[in-house]
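Enquirer: Quick one, run-v2.cif (mmCIF, C-alpha atoms):
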data_entry
#
loop_
_atom_site.label_atom_id
_atom_site.label_comp_id
_atom_site.auth_asym_id
_atom_site.auth_seq_id
_atom_site.Cartn_x
_atom_site.Cartn_y
_atom_site.Cartn_z
CA MET A 1 0.00 0.00 0.00
CA GLU A 2 1.78 3.14 -1.25
CA PRO A 3 1.41 6.53 0.45
CA SER A 4 -0.43 9.03 -1.69
CA LYS A 5 1.27 12.11 -3.09
CA PRO A 6 1.74 15.10 -0.73
CA LEU A 7 -1.46 17.02 -0.28
CA ARG A 8 -2.17 20.59 -1.27
CA TYR A 9 -4.35 21.73 1.59
CA GLY A 10 -7.10 24.22 1.00
CA SER A 11 -7.01 24.12 -2.82
CA PRO A 12 -8.81 27.16 -4.31
CA ASP A 13 -11.20 25.09 -6.42
CA ARG A 14 -12.60 23.22 -3.44
CA LYS A 15 -16.28 23.81 -2.71
CA ASP A 16 -17.29 25.21 0.64
CA ALA A 17 -17.96 22.37 3.10
CA SER A 18 -20.55 24.05 5.29
CA ALA A 19 -21.45 21.66 8.07
CA GLY A 20 -24.79 20.42 9.29
CA SER A 21 -24.53 20.67 13.04
CA SER A 22 -26.77 20.05 16.00
CA VAL A 23 -26.49 20.54 19.73
CA ILE A 24 -28.40 18.70 22.44
CA ASN A 25 -28.42 19.82 26.09
CA GLY A 26 -25.71 22.38 25.36
CA HIS A 27 -25.29 26.10 24.86
CA ARG A 28 -28.05 26.14 22.22
CA ASP A 29 -31.51 24.78 22.93
CA GLY A 30 -32.88 21.86 20.93
CA PRO A 31 -31.54 19.86 17.98
CA GLY A 32 -30.55 21.66 14.80
CA LYS A 33 -32.58 21.10 11.63
CA ARG A 34 -31.24 18.63 9.08
CA ALA A 35 -31.29 19.45 5.40
CA SER A 36 -33.85 17.46 3.42
CA GLY A 37 -35.58 18.12 0.13
CA ALA A 38 -35.23 21.68 -1.10
CA PRO A 39 -32.14 23.58 0.14
CA GLN A 40 -32.79 25.72 3.20
CA PRO A 41 -31.69 29.38 3.17
CA ALA A 42 -28.52 29.98 5.14
CA GLU A 43 -28.77 31.85 8.40
CA PRO A 44 -27.19 35.33 8.48
CA GLY A 45 -23.46 35.02 9.01
CA ALA A 46 -23.46 31.24 8.47
CA HIS A 47 -21.14 31.41 5.47
CA ARG A 48 -18.71 33.68 7.33
CA ALA A 49 -18.66 31.33 10.31
CA ALA A 50 -18.11 28.24 8.16
CA SER A 51 -15.36 30.01 6.23
CA ALA A 52 -13.59 30.95 9.45
CA VAL A 53 -13.60 27.33 10.60
CA MET A 54 -12.42 26.13 7.19
CA ASP A 55 -9.48 28.54 7.35
CA SER A 56 -8.61 27.95 11.00
CA TRP A 57 -7.72 24.28 10.59
CA LYS A 58 -4.84 25.19 8.23
CA GLU A 59 -3.23 27.72 10.53
CA GLU A 60 0.37 27.29 11.60
CA ARG A 61 1.10 26.34 15.18
CA THR A 62 0.73 29.33 17.47
CA ARG A 63 3.04 28.13 20.23
CA SER A 64 6.37 26.32 20.31
CA VAL A 65 8.32 24.44 22.97
CA GLU A 66 10.58 27.50 23.23
CA ASP A 67 7.51 29.67 23.83
CA ASN A 68 6.53 27.37 26.71
CA GLU A 69 9.91 27.79 28.37
CA MET A 70 9.85 31.56 27.98
CA SER A 71 6.28 32.01 29.23
CA LEU A 72 6.45 29.59 32.17
CA PRO A 73 7.75 32.16 34.73
CA SER A 74 5.04 34.69 33.85
CA LEU A 75 2.36 31.98 33.99
CA ALA A 76 3.61 30.85 37.39
CA ALA A 77 3.60 34.45 38.63
CA ALA A 78 0.01 34.81 37.43
CA TYR A 79 -1.01 31.73 39.43
CA SER A 80 0.71 33.22 42.51
CA THR A 81 -1.42 36.33 42.03
CA ILE A 82 -4.54 34.16 41.78
CA LEU A 83 -3.67 32.39 45.03
CA ARG A 84 -3.25 35.72 46.81
CA GLY A 85 -6.54 36.91 45.33
CA LEU A 86 -8.22 33.84 46.80
CA GLY A 87 -6.89 34.73 50.25
CA GLU A 88 -4.14 32.09 50.25
CA ASP A 89 -0.45 32.42 51.02
CA PRO A 90 1.69 31.21 48.09
CA GLN A 91 4.63 30.92 50.50
CA ARG A 92 3.12 28.32 52.77
CA GLN A 93 4.59 24.85 52.44
CA GLY A 94 1.76 23.17 50.54
CA LEU A 95 1.62 25.93 47.92
CA LEU A 96 5.30 26.70 47.36
CA LYS A 97 5.48 24.82 44.06
CA THR A 98 1.81 25.08 43.13
CA PRO A 99 2.16 28.07 40.74
CA TRP A 100 4.81 26.25 38.70
CA ARG A 101 2.88 22.99 38.75
CA ALA A 102 -0.31 24.77 37.66
CA ALA A 103 1.49 26.67 34.89
CA THR A 104 3.08 23.47 33.55
CA ALA A 105 -0.26 21.68 33.72
CA MET A 106 -2.03 24.45 31.80
CA GLN A 107 0.59 24.29 29.07
CA PHE A 108 -0.06 20.55 28.77
CA PHE A 109 -3.83 21.02 28.77
CA THR A 110 -3.44 23.37 25.79
CA LYS A 111 -0.64 21.59 23.93
CA GLY A 112 -2.79 21.44 20.80
CA TYR A 113 -1.57 24.96 20.04
CA GLN A 114 1.90 23.48 19.47
CA GLU A 115 0.80 21.04 16.75
CA LYS A 116 -0.27 21.24 13.12
CA ILE A 117 -2.64 18.87 11.36
CA THR A 118 -0.29 18.66 8.36
CA ASP A 119 2.47 17.22 10.56
CA VAL A 120 0.12 14.43 11.63
CA LEU A 121 -1.51 13.55 8.31
CA ASN A 122 0.95 13.84 5.46
CA ASP A 123 2.67 10.48 6.05
CA ALA A 124 -0.48 8.54 6.92
CA ILE A 125 -2.81 8.95 3.92
CA PHE A 126 -2.89 5.90 1.67
CA ASP A 127 -4.39 5.09 -1.70
CA GLU A 128 -6.89 2.30 -1.19
CA ASP A 129 -9.81 1.07 -3.27
CA HIS A 130 -12.25 1.09 -0.36
CA ASP A 131 -15.59 2.87 -0.39
CA GLU A 132 -17.36 1.46 2.67
CA MET A 133 -17.86 3.39 5.88
CA VAL A 134 -14.93 3.65 8.31
CA ILE A 135 -15.80 4.39 11.93
CA VAL A 136 -13.65 4.95 15.02
CA LYS A 137 -15.81 5.50 18.07
CA ASP A 138 -15.38 6.13 21.78
CA ILE A 139 -12.24 8.23 21.37
CA ASP A 140 -11.49 9.75 24.78
CA MET A 141 -11.45 13.54 24.71
CA PHE A 142 -10.23 16.09 27.26
CA SER A 143 -10.50 19.82 26.67
CA MET A 144 -10.84 23.14 28.49
CA CYS A 145 -13.89 25.37 28.42
CA GLU A 146 -12.74 28.73 27.08
CA HIS A 147 -15.40 30.56 29.09
CA HIS A 148 -14.50 29.27 32.57
CA LEU A 149 -11.14 27.46 32.14
CA VAL A 150 -12.50 24.24 33.61
CA PRO A 151 -12.42 20.76 32.02
CA ILE A 152 -14.62 19.30 29.33
CA PHE A 153 -14.33 15.56 28.91
CA GLY A 154 -16.13 12.88 26.96
CA ARG A 155 -16.05 10.76 23.81
CA VAL A 156 -15.76 11.44 20.11
CA HIS A 157 -17.17 9.23 17.34
CA ILE A 158 -15.87 9.69 13.79
CA GLY A 159 -17.06 8.11 10.55
CA TYR A 160 -16.19 8.75 6.91
CA LEU A 161 -16.83 7.25 3.48
CA PRO A 162 -13.47 7.01 1.66
CA ASN A 163 -12.97 8.25 -1.87
CA LYS A 164 -10.00 6.06 -2.93
CA ARG A 165 -7.95 7.26 0.06
CA VAL A 166 -7.91 6.19 3.71
CA LEU A 167 -6.29 7.63 6.81
CA GLY A 168 -4.30 5.68 9.39
CA LEU A 169 -6.79 4.94 12.16
CA SER A 170 -4.66 6.33 14.97
CA LYS A 171 -4.51 9.65 13.13
CA LEU A 172 -8.21 10.19 13.71
CA ALA A 173 -7.50 10.10 17.44
CA ARG A 174 -4.56 12.46 16.91
CA ILE A 175 -6.82 14.97 15.15
CA VAL A 176 -9.16 14.85 18.15
CA GLU A 177 -6.20 15.40 20.47
CA ILE A 178 -4.88 18.40 18.56
CA TYR A 179 -8.17 20.27 18.55
CA SER A 180 -9.38 19.24 22.01
CA ARG A 181 -6.14 20.27 23.74
CA ARG A 182 -7.01 23.92 23.31
CA LEU A 183 -9.41 26.38 24.87
CA GLN A 184 -12.64 25.31 23.22
CA VAL A 185 -16.38 25.30 22.91
CA GLN A 186 -17.78 21.92 21.98
CA GLU A 187 -19.63 23.18 18.92
CA ARG A 188 -16.43 24.50 17.33
CA LEU A 189 -14.41 21.42 18.32
CA THR A 190 -16.91 19.13 16.55
CA LYS A 191 -16.80 21.12 13.33
CA GLN A 192 -13.01 21.51 13.33
CA ILE A 193 -12.52 17.74 13.50
CA ALA A 194 -14.95 17.13 10.62
CA VAL A 195 -13.49 19.89 8.43
CA ALA A 196 -9.90 18.70 8.97
CA ILE A 197 -10.78 15.17 7.82
CA THR A 198 -12.72 16.51 4.85
CA GLU A 199 -9.91 18.79 3.73
CA ALA A 200 -7.25 16.10 4.12
CA LEU A 201 -9.00 13.12 2.49
CA GLN A 202 -11.68 14.62 0.25
CA PRO A 203 -13.97 11.72 1.24
CA THR A 204 -17.53 11.22 0.06
CA GLY A 205 -18.74 12.27 3.49
CA VAL A 206 -17.77 12.74 7.14
CA GLY A 207 -19.74 12.47 10.36
CA VAL A 208 -18.54 13.51 13.83
CA VAL A 209 -20.46 13.20 17.09
CA VAL A 210 -19.12 14.47 20.42
CA GLU A 211 -20.65 13.57 23.79
CA ALA A 212 -19.16 15.48 26.71
CA THR A 213 -19.56 16.59 30.30
CA HIS A 214 -18.82 20.24 31.04
CA MET A 215 -17.53 20.92 34.52
CA CYS A 216 -18.82 24.49 34.21
CA MET A 217 -22.31 22.93 34.37
CA VAL A 218 -21.42 20.36 37.04
CA MET A 219 -19.21 22.22 39.54
CA ARG A 220 -20.79 25.67 39.25
CA GLY A 221 -23.82 27.42 37.80
CA VAL A 222 -26.77 25.04 37.46
CA GLN A 223 -24.75 22.16 39.03
CA LYS A 224 -26.44 19.40 37.05
CA MET A 225 -24.32 16.34 37.80
CA ASN A 226 -25.65 14.06 35.07
CA SER A 227 -25.95 16.50 32.20
CA LYS A 228 -24.23 15.74 28.90
CA THR A 229 -23.85 17.85 25.79
CA VAL A 230 -24.10 16.13 22.39
CA THR A 231 -22.98 17.89 19.21
CA SER A 232 -22.74 16.61 15.66
CA THR A 233 -21.36 17.75 12.33
CA MET A 234 -22.35 15.99 9.10
CA LEU A 235 -20.66 16.74 5.77
CA GLY A 236 -21.18 15.35 2.27
CA VAL A 237 -23.41 12.27 2.01
CA PHE A 238 -23.69 12.10 5.81
CA ARG A 239 -25.65 15.35 5.56
CA GLU A 240 -27.41 14.74 2.26
CA ASP A 241 -28.42 11.07 2.56
CA PRO A 242 -30.58 10.10 5.56
CA LYS A 243 -29.77 6.38 5.14
CA THR A 244 -26.02 7.01 5.36
CA ARG A 245 -26.49 9.25 8.38
CA ASP A 246 -28.76 6.72 10.09
CA GLU A 247 -26.25 3.90 9.46
CA PHE A 248 -23.50 5.96 11.08
CA LEU A 249 -25.62 6.92 14.09
CA THR A 250 -26.78 3.32 14.55
CA LEU A 251 -23.26 1.93 14.43
CA ILE A 252 -21.79 4.36 16.96
CA ARG A 253 -24.60 3.49 19.39
CA SER A 254 -24.24 -0.27 19.01
#
What do you get writing this file as structure tokens?
Expert:
Amino acid sequence: MEPSKPLRYGSPDRKDASAGSSVINGHRDGPGKRASGAPQPAEPGAHRAASAVMDSWKEERTRSVEDNEMSLPSLAAAYSTILRGLGEDPQRQGLLKTPWRAATAMQFFTKGYQEKITDVLNDAIFDEDHDEMVIVKDIDMFSMCEHHLVPIFGRVHIGYLPNKRVLGLSKLARIVEIYSRRLQVQERLTKQIAVAITEALQPTGVGVVVEATHMCMVMRGVQKMNSKTVTSTMLGVFREDPKTRDEFLTLIRS
């Protein structure tokens, strides 16, 4: 099985891959409407939002290992300030190293800023005469809510219909890791994963479903311990063909 030729990401002749997305029990109320029959008019700003997501996946890394080393002292100092603001003494024995530990941990939680999708994918896309659905489900996901800086954790399910090219299975999990290890909202995370796979493979269709618990809803605010947020993005035949979408949703629930 020979690796395919190097990809040209974001080719100018590619059609816009606006996603069909839905959110359940999340920041938006109720499931989103699926496209069926006649095309539905786009909501104001929808094309701009989709375009921004399409462009964002190709961006260069915004942070390097050297950046981490340089910013660590200022991050640690910021955590010392937070401790004082909370009424604690950063100099007491149990907290002496806490600012540095917290700063290092935050850099790890957001290490997705140090990685590029192209580094992950270019050596793992293979020419293969396979056109049946490929699904990797129950991918563990850990992220950080960008509104409250508390954890989001859950599972990601990914499916795609190849178009003469397949992706190494572990790379799907790597894509999830790159985008989840950033400050995120779940809706954007779901779409970024789907768009990255679409841009890299040009498959017939892609479906992504994310199920997650948000600690900003569990530890604070409404404090609903058992709440889960479910988001989905469907592209290509996963959006256009109800049978394909139903097959994907059935398989990830089995």
Enquirer: So what do you get for atom CA of A:Met133 versus atom CA of A:Gln184, distance-wise?
Expert: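 Computed distance, atom CA of A:Met133 to atom CA of A:Gln184, equals 28.4 Å.
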Enquirer: Which residue is closest to A:Met106? Choose from A:Gly87, A:Pro151, A:Gly205, A:Pro162 and count all atoms listed in the file.
Expert: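 Under the stated criterion, the closest residue is A:Pro151.
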Enquirer: Quick one, how far is atom CA of A:Met141 from atom CA of A:Lys191?
Expert: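 Computing it gives 14.7 Å between the two atoms.
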Enquirer: Can you work out the spacing between atom CA of A:Thr118 and atom CA of A:Leu201 in Å, to one decimal?
Expert: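 Atom CA of A:Leu201 lies 11.9 Å from atom CA of A:Thr118.
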Enquirer: Out of A:Arg63, A:Arg165, A:Arg101, A:Arg188, which residue has the shortest atom-to-atom distance to A:Ser80 when counting all atoms listed in the file?
Expert: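 The answer is A:Arg101, which sits nearest to A:Ser80.
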Enquirer: Using the chain letters and numbering of this document, enumerate as a PyMOL selection string the residues selected by the PyMOL selection byres ((chain A and resi 65) around 12).
Expert: chain A and resi 61-64+66-72+104+107-108+111-115
Enquirer: A:Lys137: which residues within 9 Å, counting only C-alpha atoms, same-chain residues fewer than 6 positions away excluded, as an mmCIF file with C-alpha atoms, in the frame of the given file?
Expert:
data_model
loop_
_atom_site.group_PDB
_atom_site.id
_atom_site.type_symbol
_atom_site.label_atom_id
_atom_site.label_comp_id
_atom_site.auth_asym_id
_atom_site.auth_seq_id
_atom_site.Cartn_x
_atom_site.Cartn_y
_atom_site.Cartn_z
ATOM 1 C CA ARG A 155 -16.050 10.760 23.810
ATOM 2 C CA VAL A 156 -15.760 11.440 20.110
ATOM 3 C CA HIS A 157 -17.170 9.230 17.340
ATOM 4 C CA ILE A 158 -15.870 9.690 13.790
ATOM 5 C CA GLY A 159 -17.060 8.110 10.550
ATOM 6 C CA ILE A 252 -21.790 4.360 16.960
#
Enquirer: Here's the selection I'm unsure about, the PyMOL selection byres ((chain A and resi 143) around 7); applied to the file above, which residues does it give, as a list in words?
Expert: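 In the shown coordinates, the PyMOL selection byres ((chain A and resi 143) around 7) covers Met141, Phe142, Met144, Cys145, Pro151, Ile152, Phe153, Ser180, Arg181, Arg182, Leu183 and Gln184 of chain A.
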Enquirer: Point out the residue among A:Val185, A:Ala173, A:Val166, A:Val222 with the least atom-to-atom distance to A:Gln202, counting all atoms listed in the file.
Expert: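 Using all atoms listed in the file, the shortest distance to A:Gln202 belongs to A:Val166.
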